[in-house]
file start_11.pdb (PDB, C-alpha atoms, pLDDT in the B column)
ATOM      1  CA  MET A   1     -29.346 -20.138   3.029  1.00 43.00           C
ATOM      2  CA  THR A   2     -26.375 -19.781   0.667  1.00 57.00           C
ATOM      3  CA  ASP A   3     -23.066 -21.356   1.510  1.00 81.00           C
ATOM      4  CA  ARG A   4     -20.601 -19.071   3.242  1.00 87.00           C
ATOM      5  CA  LEU A   5     -16.974 -18.681   2.286  1.00 88.00           C
ATOM      6  CA  THR A   6     -14.740 -20.757   4.509  1.00 90.00           C
ATOM      7  CA  GLY A   7     -11.233 -22.153   4.723  1.00 90.00           C
ATOM      8  CA  ALA A   8      -8.246 -20.554   3.011  1.00 91.00           C
ATOM      9  CA  ALA A   9     -10.410 -18.963   0.292  1.00 92.00           C
ATOM     10  CA  GLY A  10     -12.709 -17.303   2.826  1.00 92.00           C
ATOM     11  CA  ARG A  11      -9.790 -16.169   4.944  1.00 94.00           C
ATOM     12  CA  GLN A  12      -8.067 -14.536   1.937  1.00 93.00           C
ATOM     13  CA  TYR A  13     -11.290 -12.959   0.662  1.00 94.00           C
ATOM     14  CA  VAL A  14     -12.085 -11.323   4.006  1.00 95.00           C
ATOM     15  CA  ALA A  15      -8.507 -10.067   4.481  1.00 92.00           C
ATOM     16  CA  ASP A  16      -8.492  -8.552   0.973  1.00 90.00           C
ATOM     17  CA  ALA A  17     -11.914  -6.984   1.544  1.00 92.00           C
ATOM     18  CA  ILE A  18     -10.741  -5.308   4.754  1.00 90.00           C
ATOM     19  CA  ARG A  19      -7.610  -3.991   2.996  1.00 85.00           C
ATOM     20  CA  TYR A  20      -9.819  -2.537   0.262  1.00 82.00           C
ATOM     21  CA  ALA A  21     -12.138  -0.959   2.852  1.00 85.00           C
ATOM     22  CA  LEU A  22      -9.114   0.756   4.393  1.00 81.00           C
ATOM     23  CA  ARG A  23      -7.907   2.035   1.015  1.00 73.00           C
ATOM     24  CA  SER A  24     -11.361   3.347   0.123  1.00 70.00           C
ATOM     25  CA  GLY A  25     -11.840   5.042   3.493  1.00 72.00           C
ATOM     26  CA  ASP A  26     -14.730   2.814   4.592  1.00 81.00           C
ATOM     27  CA  LEU A  27     -12.685   1.804   7.647  1.00 83.00           C
ATOM     28  CA  VAL A  28     -10.825   4.343   9.757  1.00 82.00           C
ATOM     29  CA  PRO A  29      -8.078   4.149  12.414  1.00 82.00           C
ATOM     30  CA  GLY A  30      -9.414   3.016  15.776  1.00 87.00           C
ATOM     31  CA  GLN A  31     -12.589   1.528  14.305  1.00 90.00           C
ATOM     32  CA  ARG A  32     -13.721  -1.680  16.005  1.00 93.00           C
ATOM     33  CA  LEU A  33     -14.353  -4.756  13.844  1.00 93.00           C
ATOM     34  CA  VAL A  34     -17.052  -7.188  14.958  1.00 92.00           C
ATOM     35  CA  GLU A  35     -16.748 -10.781  13.729  1.00 92.00           C
ATOM     36  CA  ASN A  36     -20.508 -11.297  13.299  1.00 92.00           C
ATOM     37  CA  ASP A  37     -20.887  -8.094  11.290  1.00 93.00           C
ATOM     38  CA  LEU A  38     -17.954  -8.944   9.036  1.00 94.00           C
ATOM     39  CA  ALA A  39     -19.238 -12.469   8.482  1.00 94.00           C
ATOM     40  CA  GLU A  40     -22.618 -11.068   7.370  1.00 93.00           C
ATOM     41  CA  SER A  41     -21.074  -8.348   5.199  1.00 93.00           C
ATOM     42  CA  TYR A  42     -18.628 -10.637   3.403  1.00 93.00           C
ATOM     43  CA  GLY A  43     -20.653 -13.850   3.327  1.00 94.00           C
ATOM     44  CA  ALA A  44     -17.982 -15.775   5.223  1.00 94.00           C
ATOM     45  CA  THR A  45     -17.950 -18.039   8.239  1.00 94.00           C
ATOM     46  CA  ARG A  46     -16.896 -16.621  11.597  1.00 93.00           C
ATOM     47  CA  GLY A  47     -13.916 -18.958  11.515  1.00 94.00           C
ATOM     48  CA  ALA A  48     -12.714 -17.472   8.205  1.00 94.00           C
ATOM     49  CA  VAL A  49     -13.241 -13.954   9.586  1.00 95.00           C
ATOM     50  CA  ARG A  50     -11.350 -14.740  12.777  1.00 94.00           C
ATOM     51  CA  GLU A  51      -8.389 -16.143  10.830  1.00 95.00           C
ATOM     52  CA  ALA A  52      -8.369 -13.124   8.498  1.00 95.00           C
ATOM     53  CA  LEU A  53      -8.313 -10.770  11.474  1.00 95.00           C
ATOM     54  CA  GLN A  54      -5.390 -12.680  12.949  1.00 94.00           C
ATOM     55  CA  ASP A  55      -3.519 -12.424   9.636  1.00 92.00           C
ATOM     56  CA  LEU A  56      -4.101  -8.672   9.485  1.00 92.00           C
ATOM     57  CA  ALA A  57      -3.012  -8.295  13.103  1.00 92.00           C
ATOM     58  CA  ALA A  58       0.220 -10.125  12.245  1.00 89.00           C
ATOM     59  CA  GLU A  59       0.716  -7.569   9.445  1.00 86.00           C
ATOM     60  CA  GLU A  60       0.101  -4.803  12.020  1.00 86.00           C
ATOM     61  CA  ILE A  61      -2.885  -3.476  10.072  1.00 88.00           C
ATOM     62  CA  LEU A  62      -5.200  -4.373  12.958  1.00 92.00           C
ATOM     63  CA  GLU A  63      -4.692  -4.938  16.655  1.00 92.00           C
ATOM     64  CA  ILE A  64      -6.458  -7.564  18.755  1.00 91.00           C
ATOM     65  CA  VAL A  65      -7.456  -6.206  22.160  1.00 86.00           C
ATOM     66  CA  PRO A  66      -8.153  -8.881  24.829  1.00 84.00           C
ATOM     67  CA  ARG A  67     -11.887  -9.134  25.603  1.00 80.00           C
ATOM     68  CA  ARG A  68     -12.633  -6.295  23.174  1.00 84.00           C
ATOM     69  CA  GLY A  69     -11.879  -7.827  19.782  1.00 87.00           C
ATOM     70  CA  ALA A  70     -10.147  -6.312  16.778  1.00 93.00           C
ATOM     71  CA  ARG A  71      -9.782  -2.698  15.708  1.00 92.00           C
ATOM     72  CA  VAL A  72      -7.939  -0.826  12.992  1.00 90.00           C
ATOM     73  CA  ARG A  73      -4.480   0.098  14.247  1.00 88.00           C
ATOM     74  CA  THR A  74      -3.640   3.800  14.372  1.00 85.00           C
ATOM     75  CA  VAL A  75      -0.336   4.617  12.686  1.00 85.00           C
ATOM     76  CA  SER A  76       1.299   7.895  13.656  1.00 87.00           C
ATOM     77  CA  VAL A  77       2.892  10.139  11.051  1.00 87.00           C
ATOM     78  CA  GLU A  78       6.303   9.497  12.626  1.00 91.00           C
ATOM     79  CA  GLU A  79       5.843   5.743  12.304  1.00 89.00           C
ATOM     80  CA  ALA A  80       4.686   6.185   8.692  1.00 89.00           C
ATOM     81  CA  ILE A  81       7.873   8.146   7.959  1.00 92.00           C
ATOM     82  CA  GLN A  82      10.061   5.456   9.527  1.00 94.00           C
ATOM     83  CA  ILE A  83       8.245   2.756   7.542  1.00 92.00           C
ATOM     84  CA  THR A  84       8.814   4.706   4.330  1.00 93.00           C
ATOM     85  CA  GLU A  85      12.508   5.116   5.122  1.00 96.00           C
ATOM     86  CA  CYS A  86      12.796   1.329   5.452  1.00 96.00           C
ATOM     87  CA  ARG A  87      10.791   0.845   2.260  1.00 95.00           C
ATOM     88  CA  SER A  88      13.178   3.154   0.437  1.00 97.00           C
ATOM     89  CA  ALA A  89      16.233   1.058   1.289  1.00 97.00           C
ATOM     90  CA  LEU A  90      14.532  -2.169   0.199  1.00 98.00           C
ATOM     91  CA  GLU A  91      12.917  -0.743  -2.937  1.00 98.00           C
ATOM     92  CA  GLN A  92      16.202   0.813  -4.083  1.00 98.00           C
ATOM     93  CA  LEU A  93      17.782  -2.654  -3.848  1.00 98.00           C
ATOM     94  CA  CYS A  94      14.880  -4.173  -5.787  1.00 98.00           C
ATOM     95  CA  ALA A  95      15.002  -1.478  -8.479  1.00 98.00           C
ATOM     96  CA  GLN A  96      18.719  -2.066  -9.032  1.00 98.00           C
ATOM     97  CA  LYS A  97      18.218  -5.800  -9.348  1.00 98.00           C
ATOM     98  CA  ALA A  98      15.124  -5.397 -11.540  1.00 98.00           C
ATOM     99  CA  ALA A  99      17.081  -3.190 -13.946  1.00 98.00           C
ATOM    100  CA  ALA A 100      19.595  -6.018 -14.352  1.00 98.00           C
ATOM    101  CA  ARG A 101      17.249  -9.029 -14.209  1.00 98.00           C
ATOM    102  CA  ALA A 102      13.866  -8.031 -15.685  1.00 98.00           C
ATOM    103  CA  ASN A 103      12.856 -10.013 -18.751  1.00 98.00           C
ATOM    104  CA  GLU A 104      11.464  -8.461 -21.920  1.00 98.00           C
ATOM    105  CA  GLU A 105       7.863  -9.163 -20.922  1.00 98.00           C
ATOM    106  CA  GLN A 106       8.342  -7.352 -17.613  1.00 98.00           C
ATOM    107  CA  ARG A 107      10.070  -4.403 -19.293  1.00 98.00           C
ATOM    108  CA  ALA A 108       7.208  -4.169 -21.780  1.00 98.00           C
ATOM    109  CA  GLU A 109       4.663  -4.212 -18.953  1.00 98.00           C
ATOM    110  CA  LEU A 110       6.545  -1.420 -17.175  1.00 98.00           C
ATOM    111  CA  ARG A 111       6.328   0.714 -20.316  1.00 98.00           C
ATOM    112  CA  ARG A 112       2.603  -0.033 -20.641  1.00 98.00           C
ATOM    113  CA  ILE A 113       2.075   0.998 -17.019  1.00 98.00           C
ATOM    114  CA  GLY A 114       3.863   4.282 -17.747  1.00 98.00           C
ATOM    115  CA  ALA A 115       1.621   4.996 -20.733  1.00 98.00           C
ATOM    116  CA  ASP A 116      -1.491   4.098 -18.752  1.00 98.00           C
ATOM    117  CA  MET A 117      -0.375   6.353 -15.881  1.00 97.00           C
ATOM    118  CA  ARG A 118      -0.019   9.272 -18.284  1.00 97.00           C
ATOM    119  CA  ARG A 119      -3.566   8.682 -19.572  1.00 98.00           C
ATOM    120  CA  ALA A 120      -4.977   8.301 -16.050  1.00 95.00           C
ATOM    121  CA  VAL A 121      -3.523  11.658 -14.978  1.00 95.00           C
ATOM    122  CA  ALA A 122      -4.736  13.354 -18.180  1.00 96.00           C
ATOM    123  CA  ASP A 123      -8.238  11.931 -17.637  1.00 96.00           C
ATOM    124  CA  GLY A 124      -8.355  12.592 -13.883  1.00 92.00           C
ATOM    125  CA  ALA A 125      -8.833   8.842 -13.289  1.00 92.00           C
ATOM    126  CA  TRP A 126      -7.388   8.777  -9.779  1.00 86.00           C
ATOM    127  CA  ASP A 127      -8.561   5.279  -8.827  1.00 83.00           C
ATOM    128  CA  ALA A 128      -6.958   3.883 -11.987  1.00 91.00           C
ATOM    129  CA  TYR A 129      -3.763   5.817 -11.276  1.00 91.00           C
ATOM    130  CA  SER A 130      -3.622   4.477  -7.720  1.00 85.00           C
ATOM    131  CA  ALA A 131      -4.017   0.888  -8.962  1.00 87.00           C
ATOM    132  CA  LEU A 132      -1.282   1.418 -11.570  1.00 93.00           C
ATOM    133  CA  ASN A 133       0.978   2.896  -8.891  1.00 91.00           C
ATOM    134  CA  GLN A 134       0.530  -0.213  -6.767  1.00 88.00           C
ATOM    135  CA  ARG A 135       1.149  -2.527  -9.744  1.00 94.00           C
ATOM    136  CA  LEU A 136       4.315  -0.627 -10.690  1.00 97.00           C
ATOM    137  CA  HIS A 137       5.882  -1.094  -7.267  1.00 95.00           C
ATOM    138  CA  GLU A 138       4.828  -4.755  -7.191  1.00 94.00           C
ATOM    139  CA  LEU A 139       6.275  -5.409 -10.651  1.00 97.00           C
ATOM    140  CA  VAL A 140       9.648  -3.867  -9.818  1.00 98.00           C
ATOM    141  CA  VAL A 141       9.885  -6.140  -6.775  1.00 97.00           C
ATOM    142  CA  GLU A 142       8.779  -9.186  -8.802  1.00 97.00           C
ATOM    143  CA  ALA A 143      11.330  -8.456 -11.522  1.00 98.00           C
ATOM    144  CA  SER A 144      14.100  -8.118  -8.946  1.00 98.00           C
ATOM    145  CA  GLY A 145      13.750 -11.721  -7.791  1.00 97.00           C
ATOM    146  CA  GLN A 146      14.546 -10.504  -4.250  1.00 97.00           C
ATOM    147  CA  GLU A 147      12.154 -12.668  -2.235  1.00 96.00           C
ATOM    148  CA  VAL A 148      13.483 -11.631   1.176  1.00 97.00           C
ATOM    149  CA  ALA A 149      12.948  -7.962   0.311  1.00 96.00           C
ATOM    150  CA  ARG A 150       9.466  -8.776  -1.009  1.00 94.00           C
ATOM    151  CA  ARG A 151       8.437 -10.413   2.270  1.00 91.00           C
ATOM    152  CA  HIS A 152       9.709  -7.471   4.295  1.00 92.00           C
ATOM    153  CA  LEU A 153       8.002  -4.966   1.991  1.00 92.00           C
ATOM    154  CA  ASP A 154       4.687  -6.823   2.262  1.00 85.00           C
ATOM    155  CA  ARG A 155       4.869  -6.484   6.027  1.00 84.00           C
ATOM    156  CA  LEU A 156       5.944  -2.824   5.919  1.00 86.00           C
ATOM    157  CA  ASN A 157       3.226  -1.842   3.454  1.00 81.00           C
ATOM    158  CA  GLY A 158       0.371  -3.304   5.505  1.00 78.00           C
ATOM    159  CA  PRO A 159       0.078  -0.513   8.107  1.00 77.00           C
ATOM    160  CA  MET A 160       0.564   2.108   5.357  1.00 78.00           C
ATOM    161  CA  VAL A 161      -2.585   1.244   3.402  1.00 67.00           C
ATOM    162  CA  ARG A 162      -4.607   4.224   4.634  1.00 63.00           C
ATOM    163  CA  PHE A 163      -1.710   6.718   4.441  1.00 66.00           C
ATOM    164  CA  GLN A 164      -1.075   5.705   0.821  1.00 63.00           C
ATOM    165  CA  PHE A 165      -4.748   6.186   0.034  1.00 56.00           C
ATOM    166  CA  ARG A 166      -4.851   9.657   1.595  1.00 64.00           C
ATOM    167  CA  LEU A 167      -1.687  10.811  -0.194  1.00 68.00           C
ATOM    168  CA  ALA A 168      -2.924   9.494  -3.536  1.00 63.00           C
ATOM    169  CA  LEU A 169      -6.102  11.575  -3.276  1.00 60.00           C
ATOM    170  CA  ARG A 170      -4.389  14.814  -2.272  1.00 71.00           C
ATOM    171  CA  PRO A 171      -5.138  17.472  -4.934  1.00 75.00           C
ATOM    172  CA  GLY A 172      -2.338  17.604  -7.492  1.00 83.00           C
ATOM    173  CA  ARG A 173      -0.517  14.578  -6.052  1.00 86.00           C
ATOM    174  CA  PRO A 174      -0.861  12.249  -9.093  1.00 89.00           C
ATOM    175  CA  ALA A 175       0.521  14.914 -11.437  1.00 91.00           C
ATOM    176  CA  GLN A 176       3.381  15.508  -8.993  1.00 92.00           C
ATOM    177  CA  SER A 177       4.266  11.830  -8.602  1.00 94.00           C
ATOM    178  CA  LEU A 178       3.841  10.906 -12.282  1.00 96.00           C
ATOM    179  CA  PRO A 179       7.324  12.090 -13.412  1.00 97.00           C
ATOM    180  CA  GLN A 180       8.843  10.263 -10.434  1.00 97.00           C
ATOM    181  CA  HIS A 181       7.161   7.012 -11.445  1.00 98.00           C
ATOM    182  CA  LEU A 182       8.113   7.505 -15.092  1.00 98.00           C
ATOM    183  CA  ALA A 183      11.754   7.976 -14.033  1.00 98.00           C
ATOM    184  CA  ILE A 184      11.630   4.629 -12.199  1.00 98.00           C
ATOM    185  CA  ILE A 185      10.083   2.955 -15.242  1.00 98.00           C
ATOM    186  CA  ASP A 186      12.580   4.429 -17.695  1.00 98.00           C
ATOM    187  CA  ALA A 187      15.582   3.422 -15.578  1.00 98.00           C
ATOM    188  CA  VAL A 188      14.429  -0.136 -14.889  1.00 98.00           C
ATOM    189  CA  ALA A 189      13.179  -0.752 -18.438  1.00 98.00           C
ATOM    190  CA  SER A 190      16.452   0.511 -19.925  1.00 98.00           C
ATOM    191  CA  GLY A 191      18.600  -1.536 -17.554  1.00 98.00           C
ATOM    192  CA  ASP A 192      20.216   1.417 -15.760  1.00 98.00           C
ATOM    193  CA  ALA A 193      20.583   0.090 -12.203  1.00 98.00           C
ATOM    194  CA  PRO A 194      22.152   3.194 -10.573  1.00 98.00           C
ATOM    195  CA  ALA A 195      19.500   5.448 -12.124  1.00 98.00           C
ATOM    196  CA  ALA A 196      16.751   3.065 -10.969  1.00 98.00           C
ATOM    197  CA  ALA A 197      17.964   3.279  -7.364  1.00 98.00           C
ATOM    198  CA  ARG A 198      18.200   7.079  -7.553  1.00 98.00           C
ATOM    199  CA  ALA A 199      14.691   7.351  -9.002  1.00 98.00           C
ATOM    200  CA  VAL A 200      13.197   5.216  -6.239  1.00 98.00           C
ATOM    201  CA  ALA A 201      15.077   7.187  -3.583  1.00 98.00           C
ATOM    202  CA  ALA A 202      13.862  10.510  -5.005  1.00 98.00           C
ATOM    203  CA  HIS A 203      10.259   9.277  -5.162  1.00 96.00           C
ATOM    204  CA  LEU A 204      10.167   7.967  -1.604  1.00 96.00           C
ATOM    205  CA  ASP A 205      12.012  11.011  -0.262  1.00 96.00           C
ATOM    206  CA  ASP A 206       9.147  13.030  -1.718  1.00 94.00           C
ATOM    207  CA  VAL A 207       6.595  10.711  -0.076  1.00 91.00           C
ATOM    208  CA  ILE A 208       8.322  11.355   3.255  1.00 92.00           C
ATOM    209  CA  GLU A 209       8.103  15.109   2.674  1.00 92.00           C
ATOM    210  CA  GLN A 210       4.389  14.743   1.932  1.00 88.00           C
ATOM    211  CA  LEU A 211       3.917  12.802   5.159  1.00 87.00           C
ATOM    212  CA  ARG A 212       5.757  15.482   7.139  1.00 87.00           C
ATOM    213  CA  PHE A 213       3.584  18.135   5.504  1.00 80.00           C
ATOM    214  CA  SER A 214       0.440  16.215   6.485  1.00 70.00           C
ATOM    215  CA  ALA A 215       1.521  16.399  10.135  1.00 63.00           C
ATOM    216  CA  VAL A 216       1.724  20.206  10.144  1.00 55.00           C
ATOM    217  CA  PRO A 217      -1.692  21.793  10.852  1.00 50.00           C
ATOM    218  CA  SER A 218      -2.703  24.910   9.002  1.00 43.00           C
ATOM    219  CA  PRO A 219      -3.509  27.980  11.155  1.00 41.00           C
ATOM    220  CA  THR A 220      -7.221  27.241  10.795  1.00 40.00           C
ATOM    221  CA  GLN A 221      -7.109  23.486  11.315  1.00 39.00           C
ATOM    222  CA  ALA A 222      -6.744  21.238  14.314  1.00 38.00           C
ATOM    223  CA  PRO A 223      -3.807  18.783  14.308  1.00 36.00           C
ATOM    224  CA  PRO A 224      -4.539  15.513  12.445  1.00 35.00           C
ATOM    225  CA  ARG A 225      -5.426  12.465  14.509  1.00 33.00           C
ATOM    226  CA  ALA A 226      -3.408  10.008  12.401  1.00 30.00           C
TER
END

call {"tool": "encode", "arguments": {"input": "start_11.pdb", "output": "structure tokens"}}
result
Amino acid sequence: MTDRLTGAAGRQYVADAIRYALRSGDLVPGQRLVENDLAESYGATRGAVREALQDLAAEEILEIVPRRGARVRTVSVEEAIQITECRSALEQLCAQKAAARANEEQRAELRRIGADMRRAVADGAWDAYSALNQRLHELVVEASGQEVARRHLDRLNGPMVRFQFRLALRPGRPAQSLPQHLAIIDAVASGDAPAAARAVAAHLDDVIEQLRFSAVPSPTQAPPRA
């Protein structure tokens, strides 16, 4: 029998794998997670799985129900909107600071991300675009040097994993969000702090509008369960 992942490495691997399963739609809100099944699927010890589940519960991605185990936490649209409003305040701060503090290597990477995003939209490479989107937001926070904001954003973003995935795959969404992301990149890379904050605010205001739209059923559809 092959060795199973254990310790800190196993714990991190399982947590990352569950986050990816949420992004890809393999796990859905309310779904129960069984330690034995996860250990078999991810080649980890039950101890590593249990610790990963506790970490994800602390991030409010999962919830631990006494005597019933873990399940994917259901996030309402209203909660998703409130989370995004908090994200906006923190990411505007980070964008302002990144515009002033980013080094040349970080500014060059931002420009490369912008070029790659353009190509991804032109090619219809939605998975690549989604990954670039995530890297862009991470890089702006890194460049800001605002560690307190980063910790709060990490916690806020956890429960939003599935919402972000669903919005990213909405028809026409990448083409709609591309100019917003390019505006953030241009402002930060050029050192224009006020413009960077405005670009982030405009982008996340649009995300909030998309979330509100997702909560309104069409005449032929039942209300969403999110």

call {"tool": "resolve_selection", "arguments": {"input": "start_11.pdb", "expression": "the PyMOL selection byres ((chain A and resi 182) around 9)", "output": "ChimeraX atom specification"}}
result
/A:111,114-115,117-118,177-181,183-187,199

call {"tool": "closest_atom_pairs", "arguments": {"input": "start_11.pdb", "of": "region 71-179 of chain A", "to": "region 27-46 of chain A", "cutoff": "9 Å", "atoms": "only C-alpha atoms", "output": "Markdown table"}}
result
| residue | atom | partner | partner_atom | distance |
| --- | --- | --- | --- | --- |
| A:Arg71 | CA | A:Arg32 | CA | 4.1 |
| A:Val72 | CA | A:Gly30 | CA | 5.0 |
| A:Arg73 | CA | A:Pro29 | CA | 5.7 |
| A:Thr74 | CA | A:Pro29 | CA | 4.9 |
| A:Val75 | CA | A:Pro29 | CA | 7.8 |
| A:Arg162 | CA | A:Val28 | CA | 8.1 |

call {"tool": "write_last_selection", "arguments": {"input": "start_11.pdb", "atoms": "C-alpha atoms", "output": "compact mmCIF listing (two decimals), in the coordinates of the input"}}
result
# COMPACT_ATOMS: atom_id res chain seq x y z
CA ARG A 71 -9.78 -2.70 15.71
CA VAL A 72 -7.94 -0.83 12.99
CA ARG A 73 -4.48 0.10 14.25
CA THR A 74 -3.64 3.80 14.37
CA VAL A 75 -0.34 4.62 12.69
CA ARG A 162 -4.61 4.22 4.63

call {"tool": "resolve_selection", "arguments": {"input": "start_11.pdb", "expression": "the PyMOL selection byres ((chain A and resi 8) around 12)", "output": "JSON, numbers by chain"}}
result
{"A": [5, 6, 7, 9, 10, 11, 12, 13, 14, 15, 44, 45, 47, 48, 49, 50, 51, 52, 55]}

call {"tool": "closest_residue", "arguments": {"input": "start_11.pdb", "among": "A:Gln176, A:Pro171, A:Ala125, A:Ala102", "to": "Ala143 (chain A)", "atoms": "only C-alpha atoms"}}
result
A:Ala102

call {"tool": "residues_around", "arguments": {"input": "start_11.pdb", "residues": "Lys97 (chain A)", "least_positions_apart": "3", "cutoff": "7 Å", "atoms": "all atoms listed in the file", "output": "list in words"}}
result
Leu93, Cys94, Ala100, Arg101, Ser144 and Ala193 of chain A

call {"tool": "build_atoms", "arguments": {"input": "start_11.pdb", "residues": "region 19-27 of chain A", "atoms": "all heavy atoms", "output": "mmCIF file, in the coordinates of the input"}}
result
data_model
loop_
_atom_site.group_PDB
_atom_site.id
_atom_site.type_symbol
_atom_site.label_atom_id
_atom_site.label_comp_id
_atom_site.auth_asym_id
_atom_site.auth_seq_id
_atom_site.Cartn_x
_atom_site.Cartn_y
_atom_site.Cartn_z
ATOM 1 N N ARG A 19 -8.643 -4.878 3.561
ATOM 2 C CA ARG A 19 -7.610 -3.991 2.996
ATOM 3 C C ARG A 19 -8.238 -2.975 2.039
ATOM 4 O O ARG A 19 -7.891 -1.789 2.045
ATOM 5 C CB ARG A 19 -6.553 -4.819 2.258
ATOM 6 C CG ARG A 19 -5.661 -5.655 3.154
ATOM 7 C CD ARG A 19 -4.507 -6.252 2.357
ATOM 8 N NE ARG A 19 -3.764 -7.225 3.145
ATOM 9 C CZ ARG A 19 -3.991 -8.539 3.105
ATOM 10 N NH1 ARG A 19 -4.938 -9.029 2.315
ATOM 11 N NH2 ARG A 19 -3.277 -9.355 3.843
ATOM 12 N N TYR A 20 -9.162 -3.446 1.213
ATOM 13 C CA TYR A 20 -9.819 -2.537 0.262
ATOM 14 C C TYR A 20 -10.649 -1.493 1.012
ATOM 15 O O TYR A 20 -10.661 -0.317 0.635
ATOM 16 C CB TYR A 20 -10.718 -3.327 -0.695
ATOM 17 C CG TYR A 20 -11.443 -2.436 -1.675
ATOM 18 C CD1 TYR A 20 -10.795 -1.964 -2.817
ATOM 19 C CD2 TYR A 20 -12.757 -2.031 -1.448
ATOM 20 C CE1 TYR A 20 -11.443 -1.129 -3.706
ATOM 21 C CE2 TYR A 20 -13.410 -1.191 -2.327
ATOM 22 C CZ TYR A 20 -12.749 -0.752 -3.454
ATOM 23 O OH TYR A 20 -13.391 0.093 -4.325
ATOM 24 N N ALA A 21 -11.332 -1.904 2.074
ATOM 25 C CA ALA A 21 -12.138 -0.959 2.852
ATOM 26 C C ALA A 21 -11.267 0.121 3.482
ATOM 27 O O ALA A 21 -11.673 1.282 3.596
ATOM 28 C CB ALA A 21 -12.922 -1.712 3.928
ATOM 29 N N LEU A 22 -10.051 -0.236 3.865
ATOM 30 C CA LEU A 22 -9.114 0.756 4.393
ATOM 31 C C LEU A 22 -8.677 1.723 3.305
ATOM 32 O O LEU A 22 -8.616 2.937 3.513
ATOM 33 C CB LEU A 22 -7.895 0.060 4.996
ATOM 34 C CG LEU A 22 -8.066 -0.485 6.415
ATOM 35 C CD1 LEU A 22 -6.959 -1.477 6.730
ATOM 36 C CD2 LEU A 22 -8.066 0.652 7.412
ATOM 37 N N ARG A 23 -8.342 1.178 2.118
ATOM 38 C CA ARG A 23 -7.907 2.035 1.015
ATOM 39 C C ARG A 23 -9.004 2.994 0.588
ATOM 40 O O ARG A 23 -8.747 4.144 0.243
ATOM 41 C CB ARG A 23 -7.477 1.184 -0.192
ATOM 42 C CG ARG A 23 -6.124 0.529 -0.049
ATOM 43 C CD ARG A 23 -5.610 0.054 -1.390
ATOM 44 N NE ARG A 23 -6.478 -0.948 -1.995
ATOM 45 C CZ ARG A 23 -6.373 -2.243 -1.777
ATOM 46 N NH1 ARG A 23 -5.456 -2.710 -0.953
ATOM 47 N NH2 ARG A 23 -7.188 -3.095 -2.374
ATOM 48 N N SER A 24 -10.246 2.524 0.598
ATOM 49 C CA SER A 24 -11.361 3.347 0.123
ATOM 50 C C SER A 24 -11.886 4.303 1.188
ATOM 51 O O SER A 24 -12.724 5.156 0.906
ATOM 52 C CB SER A 24 -12.506 2.441 -0.347
ATOM 53 O OG SER A 24 -13.029 1.690 0.736
ATOM 54 N N GLY A 25 -11.394 4.153 2.426
ATOM 55 C CA GLY A 25 -11.840 5.042 3.493
ATOM 56 C C GLY A 25 -13.074 4.563 4.224
ATOM 57 O O GLY A 25 -13.604 5.271 5.089
ATOM 58 N N ASP A 26 -13.554 3.339 3.901
ATOM 59 C CA ASP A 26 -14.730 2.814 4.592
ATOM 60 C C ASP A 26 -14.412 2.390 6.031
ATOM 61 O O ASP A 26 -15.308 2.301 6.866
ATOM 62 C CB ASP A 26 -15.307 1.619 3.829
ATOM 63 C CG ASP A 26 -15.926 2.031 2.503
ATOM 64 O OD1 ASP A 26 -16.322 3.213 2.382
ATOM 65 O OD2 ASP A 26 -16.007 1.192 1.595
ATOM 66 N N LEU A 27 -13.141 2.092 6.288
ATOM 67 C CA LEU A 27 -12.685 1.804 7.647
ATOM 68 C C LEU A 27 -11.678 2.868 8.047
ATOM 69 O O LEU A 27 -10.882 3.315 7.212
ATOM 70 C CB LEU A 27 -12.033 0.417 7.726
ATOM 71 C CG LEU A 27 -12.948 -0.796 7.539
ATOM 72 C CD1 LEU A 27 -12.131 -2.080 7.544
ATOM 73 C CD2 LEU A 27 -14.023 -0.854 8.628
#
